[in-house]
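Data block for my_file.pdb (PDB, C-alpha atoms):
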ATOM      1  CA  MET V   1      12.264   5.501 -17.509
ATOM      2  CA  ASN V   2       9.071   4.106 -16.031
ATOM      3  CA  ALA V   3       7.234   6.207 -13.506
ATOM      4  CA  THR V   4       7.276   4.926  -9.961
ATOM      5  CA  ALA V   5       4.301   2.670  -9.353
ATOM      6  CA  PRO V   6       1.672   4.239  -7.084
ATOM      7  CA  LEU V   7       1.459   2.952  -3.534
ATOM      8  CA  THR V   8      -1.119   0.226  -3.047
ATOM      9  CA  PHE V   9      -3.571   0.532  -0.170
ATOM     10  CA  THR V  10      -5.626  -1.931   1.827
ATOM     11  CA  VAL V  11      -8.338  -0.415   4.016
ATOM     12  CA  ILE V  12      -9.034  -2.112   7.357
ATOM     13  CA  VAL V  13     -12.284  -1.134   9.073
ATOM     14  CA  LEU V  14     -12.400  -2.397  12.657
ATOM     15  CA  ASN V  15     -16.011  -2.788  13.704
ATOM     16  CA  TRP V  16     -17.957  -3.534  16.845
ATOM     17  CA  ASN V  17     -21.712  -2.970  16.568
ATOM     18  CA  GLY V  18     -21.151  -0.195  14.036
ATOM     19  CA  ARG V  19     -23.922  -1.146  11.625
ATOM     20  CA  ALA V  20     -25.386   2.386  11.698
ATOM     21  CA  TYR V  21     -22.129   3.837  10.333
ATOM     22  CA  LEU V  22     -20.996   1.217   7.837
ATOM     23  CA  GLU V  23     -23.068   2.361   4.852
ATOM     24  CA  ALA V  24     -21.509   5.826   4.839
ATOM     25  CA  CYS V  25     -18.026   4.603   5.743
ATOM     26  CA  LEU V  26     -17.737   1.900   3.091
ATOM     27  CA  SER V  27     -19.493   3.947   0.412
ATOM     28  CA  ALA V  28     -16.881   6.679   0.902
ATOM     29  CA  VAL V  29     -14.079   4.129   0.624
ATOM     30  CA  ALA V  30     -15.576   2.860  -2.630
ATOM     31  CA  VAL V  31     -15.362   6.258  -4.350
ATOM     32  CA  GLN V  32     -11.781   7.183  -3.469
ATOM     33  CA  THR V  33      -9.865   8.742  -6.345
ATOM     34  CA  HIS V  34      -6.785   6.649  -5.443
ATOM     35  CA  PRO V  35      -7.354   2.945  -6.135
ATOM     36  CA  ILE V  36      -7.919   0.671  -3.144
ATOM     37  CA  ALA V  37      -6.570  -2.852  -3.570
ATOM     38  CA  ARG V  38      -8.628  -4.492  -0.821
ATOM     39  CA  VAL V  39     -11.126  -3.564   1.861
ATOM     40  CA  LEU V  40     -11.264  -5.687   5.014
ATOM     41  CA  LEU V  41     -13.957  -5.477   7.657
ATOM     42  CA  VAL V  42     -12.627  -6.882  10.920
ATOM     43  CA  ASP V  43     -15.616  -7.567  13.126
ATOM     44  CA  ASN V  44     -15.074  -7.854  16.881
ATOM     45  CA  GLY V  45     -18.085  -9.986  17.708
ATOM     46  CA  SER V  46     -20.883  -7.564  16.812
ATOM     47  CA  ASP V  47     -24.360  -8.585  17.887
ATOM     48  CA  ASP V  48     -26.087  -6.228  15.481
ATOM     49  CA  ASP V  49     -26.339  -7.226  11.815
ATOM     50  CA  SER V  50     -23.046  -5.604  10.791
ATOM     51  CA  VAL V  51     -21.569  -8.705   9.174
ATOM     52  CA  SER V  52     -24.648  -9.789   7.261
ATOM     53  CA  PHE V  53     -25.253  -6.202   6.120
ATOM     54  CA  VAL V  54     -21.733  -5.829   4.741
ATOM     55  CA  ARG V  55     -21.796  -9.199   3.010
ATOM     56  CA  GLN V  56     -25.054  -8.281   1.277
ATOM     57  CA  ARG V  57     -24.510  -4.580   0.594
ATOM     58  CA  PHE V  58     -20.731  -4.602  -0.064
ATOM     59  CA  PRO V  59     -19.927  -8.080  -1.446
ATOM     60  CA  THR V  60     -16.358  -7.150  -2.444
ATOM     61  CA  VAL V  61     -15.474  -6.288   1.167
ATOM     62  CA  GLU V  62     -13.668  -9.178   2.845
ATOM     63  CA  VAL V  63     -15.010  -9.971   6.309
ATOM     64  CA  ILE V  64     -12.844 -11.269   9.145
ATOM     65  CA  ALA V  65     -15.019 -12.332  12.086
ATOM     66  CA  ASN V  66     -13.045 -12.394  15.331
ATOM     67  CA  GLY V  67     -15.878 -13.914  17.351
ATOM     68  CA  GLY V  68     -15.502 -11.519  20.252
ATOM     69  CA  ASN V  69     -14.466  -8.001  21.155
ATOM     70  CA  VAL V  70     -10.705  -8.337  21.367
ATOM     71  CA  GLY V  71     -10.145  -4.577  21.215
ATOM     72  CA  PHE V  72      -8.386  -2.183  18.862
ATOM     73  CA  ALA V  73      -4.886  -3.631  19.026
ATOM     74  CA  ALA V  74      -5.640  -7.332  18.671
ATOM     75  CA  GLY V  75      -8.474  -6.715  16.220
ATOM     76  CA  ASN V  76      -6.371  -4.743  13.769
ATOM     77  CA  ASN V  77      -3.432  -7.101  14.235
ATOM     78  CA  VAL V  78      -5.490  -9.990  12.821
ATOM     79  CA  ALA V  79      -5.738  -8.193   9.483
ATOM     80  CA  LEU V  80      -2.225  -6.743   9.616
ATOM     81  CA  ARG V  81      -0.733 -10.217  10.115
ATOM     82  CA  GLN V  82      -2.488 -11.372   6.961
ATOM     83  CA  LEU V  83      -1.038  -8.472   5.012
ATOM     84  CA  LEU V  84       2.458  -8.976   6.408
ATOM     85  CA  ALA V  85       2.254 -12.645   5.473
ATOM     86  CA  GLY V  86       1.814 -11.575   1.890
ATOM     87  CA  GLU V  87      -1.864 -12.370   1.516
ATOM     88  CA  GLY V  88      -2.722  -9.785  -1.132
ATOM     89  CA  ALA V  89       0.509  -7.778  -1.203
ATOM     90  CA  THR V  90       0.016  -4.118  -0.356
ATOM     91  CA  ASP V  91       2.265  -1.203   0.545
ATOM     92  CA  VAL V  92       0.050   0.654   3.016
ATOM     93  CA  ALA V  93      -2.692  -0.303   5.456
ATOM     94  CA  LEU V  94      -5.259   2.384   6.176
ATOM     95  CA  LEU V  95      -6.943   1.745   9.518
ATOM     96  CA  LEU V  96     -10.406   3.258   9.828
ATOM     97  CA  ASN V  97     -13.053   3.480  12.494
ATOM     98  CA  PRO V  98     -16.509   2.728  11.074
ATOM     99  CA  ASP V  99     -17.798   6.220  11.915
ATOM    100  CA  VAL V 100     -15.192   7.869   9.668
ATOM    101  CA  VAL V 101     -16.384   9.114   6.268
ATOM    102  CA  LEU V 102     -13.435   9.906   4.018
ATOM    103  CA  ALA V 103     -13.383  12.798   1.592
ATOM    104  CA  PRO V 104     -13.022  11.408  -1.958
ATOM    105  CA  ASP V 105      -9.400  12.545  -2.272
ATOM    106  CA  CYS V 106      -8.267  11.492   1.213
ATOM    107  CA  VAL V 107      -6.406   8.338   0.200
ATOM    108  CA  ALA V 108      -4.829  10.182  -2.741
ATOM    109  CA  ALA V 109      -3.504  12.828  -0.352
ATOM    110  CA  LEU V 110      -2.141  10.192   2.039
ATOM    111  CA  ALA V 111      -0.518   8.342  -0.869
ATOM    112  CA  ALA V 112       1.112  11.523  -2.162
ATOM    113  CA  THR V 113       2.505  12.356   1.277
ATOM    114  CA  LEU V 114       3.976   8.892   1.766
ATOM    115  CA  ALA V 115       5.351   8.753  -1.781
ATOM    116  CA  ALA V 116       7.072  12.105  -1.378
ATOM    117  CA  ASP V 117       9.182  10.896   1.561
ATOM    118  CA  PRO V 118      10.012   7.191   1.966
ATOM    119  CA  THR V 119      11.094   7.768   5.579
ATOM    120  CA  ILE V 120       7.508   8.543   6.629
ATOM    121  CA  ALA V 121       6.096   5.409   8.253
ATOM    122  CA  ILE V 122       2.687   6.745   9.342
ATOM    123  CA  ALA V 123       0.475   9.474   7.949
ATOM    124  CA  GLY V 124      -2.768  10.826   9.327
ATOM    125  CA  CYS V 125      -5.310  13.392   8.245
ATOM    126  CA  LYS V 126      -7.606  16.032   9.640
ATOM    127  CA  LEU V 127     -10.687  14.672  11.370
ATOM    128  CA  TRP V 128     -13.853  16.669  11.932
ATOM    129  CA  TYR V 129     -16.737  16.286  14.315
ATOM    130  CA  PRO V 130     -20.052  15.285  12.655
ATOM    131  CA  ASP V 131     -20.818  18.881  11.647
ATOM    132  CA  GLY V 132     -17.989  18.645   9.107
ATOM    133  CA  GLN V 133     -16.584  22.012  10.170
ATOM    134  CA  THR V 134     -15.202  21.620  13.696
ATOM    135  CA  LEU V 135     -11.800  19.988  14.001
ATOM    136  CA  GLN V 136     -11.389  16.958  16.232
ATOM    137  CA  HIS V 137      -7.805  16.071  15.317
ATOM    138  CA  ALA V 138      -5.102  17.486  13.055
ATOM    139  CA  GLY V 139      -2.224  15.528  14.507
ATOM    140  CA  GLY V 140      -1.263  14.932  18.097
ATOM    141  CA  TYR V 141       1.294  16.214  20.561
ATOM    142  CA  VAL V 142       2.457  15.125  24.013
ATOM    143  CA  THR V 143       2.994  17.661  26.775
ATOM    144  CA  ALA V 144       5.992  17.679  29.108
ATOM    145  CA  PRO V 145       6.527  16.697  31.842
ATOM    146  CA  GLN V 146       3.131  15.046  32.352
ATOM    147  CA  ALA V 147       3.143  13.235  28.974
ATOM    148  CA  MET V 148      -0.500  14.153  28.396
ATOM    149  CA  PRO V 149      -1.789  13.850  24.828
ATOM    150  CA  GLY V 150      -3.327  16.731  22.938
ATOM    151  CA  HIS V 151      -4.830  17.309  19.490
ATOM    152  CA  TYR V 152      -3.873  20.187  17.219
ATOM    153  CA  GLY V 153      -6.905  22.242  16.282
ATOM    154  CA  VAL V 154      -9.419  20.450  18.480
ATOM    155  CA  GLY V 155     -12.662  22.392  18.836
ATOM    156  CA  GLN V 156     -11.670  25.003  16.241
ATOM    157  CA  ARG V 157     -13.762  25.841  13.208
ATOM    158  CA  ASP V 158     -11.721  24.665  10.224
ATOM    159  CA  THR V 159     -10.688  27.627   8.100
ATOM    160  CA  GLY V 160      -7.575  25.945   6.673
ATOM    161  CA  GLN V 161      -5.356  26.838   9.606
ATOM    162  CA  GLN V 162      -4.258  23.185   9.979
ATOM    163  CA  ASP V 163      -3.745  22.414   6.282
ATOM    164  CA  ALA V 164       0.073  22.445   6.196
ATOM    165  CA  THR V 165       1.831  19.079   6.232
ATOM    166  CA  ARG V 166       4.004  18.675   9.324
ATOM    167  CA  ASP V 167       5.629  16.127  11.603
ATOM    168  CA  VAL V 168       3.557  15.262  14.670
ATOM    169  CA  GLU V 169       4.151  13.069  17.702
ATOM    170  CA  TYR V 170       1.175  10.811  16.988
ATOM    171  CA  VAL V 171      -1.941  10.376  14.899
ATOM    172  CA  ILE V 172      -5.036   8.658  16.214
ATOM    173  CA  GLY V 173      -6.143   5.255  14.975
ATOM    174  CA  ALA V 174      -9.496   6.474  13.685
ATOM    175  CA  ALA V 175      -7.765   7.134  10.349
ATOM    176  CA  LEU V 176      -4.147   6.002  10.244
ATOM    177  CA  ALA V 177      -2.110   5.032   7.180
ATOM    178  CA  VAL V 178       0.930   2.896   7.965
ATOM    179  CA  ARG V 179       3.534   1.339   5.703
ATOM    180  CA  LEU V 180       3.592  -2.439   5.988
ATOM    181  CA  ALA V 181       7.383  -2.377   5.671
ATOM    182  CA  ALA V 182       7.611  -0.287   8.841
ATOM    183  CA  LEU V 183       5.387  -2.698  10.752
ATOM    184  CA  GLY V 184       7.608  -5.525   9.577
ATOM    185  CA  ARG V 185      10.517  -3.775  11.268
ATOM    186  CA  VAL V 186       8.993  -2.625  14.554
ATOM    187  CA  GLY V 187       6.132  -5.079  15.102
ATOM    188  CA  LEU V 188       2.394  -4.775  15.493
ATOM    189  CA  PHE V 189       0.178  -3.142  18.098
ATOM    190  CA  ASP V 190       0.809  -4.188  21.700
ATOM    191  CA  GLU V 191      -2.141  -6.444  22.489
ATOM    192  CA  GLY V 192      -1.664  -5.876  26.197
ATOM    193  CA  PHE V 193      -3.583  -2.655  25.641
ATOM    194  CA  PHE V 194      -7.257  -2.898  24.690
ATOM    195  CA  LEU V 195      -6.763   0.474  23.013
ATOM    196  CA  SER V 196      -3.303   0.926  21.633
ATOM    197  CA  LEU V 197      -0.851   3.090  19.734
ATOM    198  CA  ILE V 198       2.293   2.630  17.693
ATOM    199  CA  HIS V 199       5.198   5.051  17.873
ATOM    200  CA  ILE V 200       7.590   4.592  14.975
ATOM    201  CA  SER V 201      10.828   6.538  14.846
ATOM    202  CA  GLU V 202      12.829   6.235  11.652
ATOM    203  CA  PRO V 203      16.593   6.688  11.903
TER     204      PRO V 203
END
Could you take the file, read its structure, and then write that structure out as structure tokens?
Amino acid sequence: MNATAPLTFTVIVLNWNGRAYLEACLSAVAVQTHPIARVLLVDNGSDDDSVSFVRQRFPTVEVIANGGNVGFAAGNNVALRQLLAGEGATDVALLLNPDVVLAPDCVAALAATLAADPTIAIAGCKLWYPDGQTLQHAGGYVTAPQAMPGHYGVGQRDTGQQDATRDVEYVIGAALAVRLAALGRVGLFDEGFFLSLIHISEP
């Protein structure tokens, strides 16, 4: 019996004047231990030299120039529509902010989590502040009755207390892995929101 094929990933980096961060971000993507099928830079009308820098420094990164700052939802949807249309078939889209620097095994860990349970539509990861030790996000929760969002672990020094895999109510879009099949079922980000979120509930 053949082993199950590993999940394929496309990384989507949504950028607006993020030139100062792109070297570290894209270099970290390039050294992931899990193979990355494609890397897309979606540029929301930057007026720094983000696009020219990426084309020169990272020639294998595909650039989508939106021509203006259309926001998180519409910007990511441009790339997600391409993937859903079958342009470079992939199983999972990993959305990244340009100021995120992935650990080398991050995509491998996301792939393992998604492969272990086909009902998981979205997976996130721990995010640290720039010191690399203080947690910014380890999954999100929503309080009742005010429906205010919160982040597990925020402001805590990371000593492994948030390492266990668990279900959460949301993960933030700074680093969000989503199955393309799930997006095909529930739709893309709501472009009525400049900043947006998806909530996917599997039956």
Write out as CSV a residue-level contact list of region 25-109 of chain V versus region 180-184 of chain V with cut-off 7 Å: for each qualifying residue the closest pair of atoms and the distance in Å to one decimal, counting only C-alpha atoms, rows sorted by chain and residue number upward.
residue,atom,partner,partner_atom,distance
V:Leu84,CA,V:Leu180,CA,6.6
V:Asp91,CA,V:Leu180,CA,5.7
V:Val92,CA,V:Leu180,CA,5.6
V:Ala93,CA,V:Leu180,CA,6.7
From CA of Ser27 (chain V) to CA of Leu114 (chain V) the spacing works out at 24.0 Å
Exactly which residues make up the result of the PyMOL selection byres ((chain V and resi 106) around 10) on this file, given as an MDAnalysis selection string? chainID V and resid 28:29 32:34 101:105 107:112 124:126
Residue members of the PyMOL selection byres ((chain V and resi 132) around 12) in the file shown, as JSON, numbers by chain = {"V": [100, 101, 102, 103, 126, 127, 128, 129, 130, 131, 133, 134, 135, 136, 155, 156, 157, 158, 159]}
Could you spell out the hits of the PyMOL selection byres ((chain V and resi 11) around 9) on the shown file, as number ranges by chain? V: 9-10, 12-13, 29, 36-41, 92-96, 177
Atom pair CA of Asp99 (chain V) + CA of Gly173 (chain V), distance 12.1 Å
Exercise for review: Tell me which protein, DNA and RNA residues are within 9 Å of region 49-61 of chain V, counting only C-alpha atoms, leaving out same-chain ones fewer than 3 positions away, and put them as a PyMOL selection string.
Suggested key: chain V and resi 15-20+22-23+26-27+38-41+43+46+65
To one decimal place, how far is CA of Leu80 (chain V) from CA of Thr113 (chain V) in Å?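 Computed distance, CA of Leu80 (chain V) to CA of Thr113 (chain V), equals 21.4 Å.
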Query raised in the report: From the list V:Ala147, V:Leu7, V:Ala24, V:Leu14, which residue is nearest Glu62 (chain V) when using all atoms listed in the file?
Result: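 For Glu62 (chain V), the nearest of the candidates is V:Leu14.
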Please define a box with edges along x, y and z of the file around all atoms of region 98-103 of chain V given in the file, extend it by 3 Å on each side, and return its centre and edge lengths in Å to one decimal, as AutoDock Vina command-line options.
--center_x -15.6 --center_y 7.8 --center_z 6.8 --size_x 10.4 --size_y 16.1 --size_z 16.3
Using all atoms listed in the file, the residue out of V:Gly68, V:Thr8, V:Gly160, V:Pro35 with shortest distance to Arg179 (chain V) is V:Thr8
Closest of V:Gly86, V:Pro149, V:Gly187, V:Gly192 to Ala73 (chain V), counting all atoms listed in the file, is V:Gly192
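Nearest residue to Phe72 (chain V) among V:Gly140, V:Val42, V:Val168, V:Asp48 is V:Val42, counting only C-alpha atoms.
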Shortest contact to Val171 (chain V), candidates V:Ile120, V:Ala138, V:Ile64, V:Val186, atoms counted all atoms listed in the file, goes to V:Ala138
Q: Within 12 Å of (1.8, 20.0, 17.4) (coordinates as in the file), grab all the protein and nucleic acid residues, counting only C-alpha atoms, and write them out as a PyMOL selection string.
A: chain V and resi 137-143+149-154+162+164-171
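Proximity of V:Gln161, V:Val31, V:Asn44, V:Phe194 to Ala79 (chain V), computed with only C-alpha atoms, is greatest for V:Asn44.
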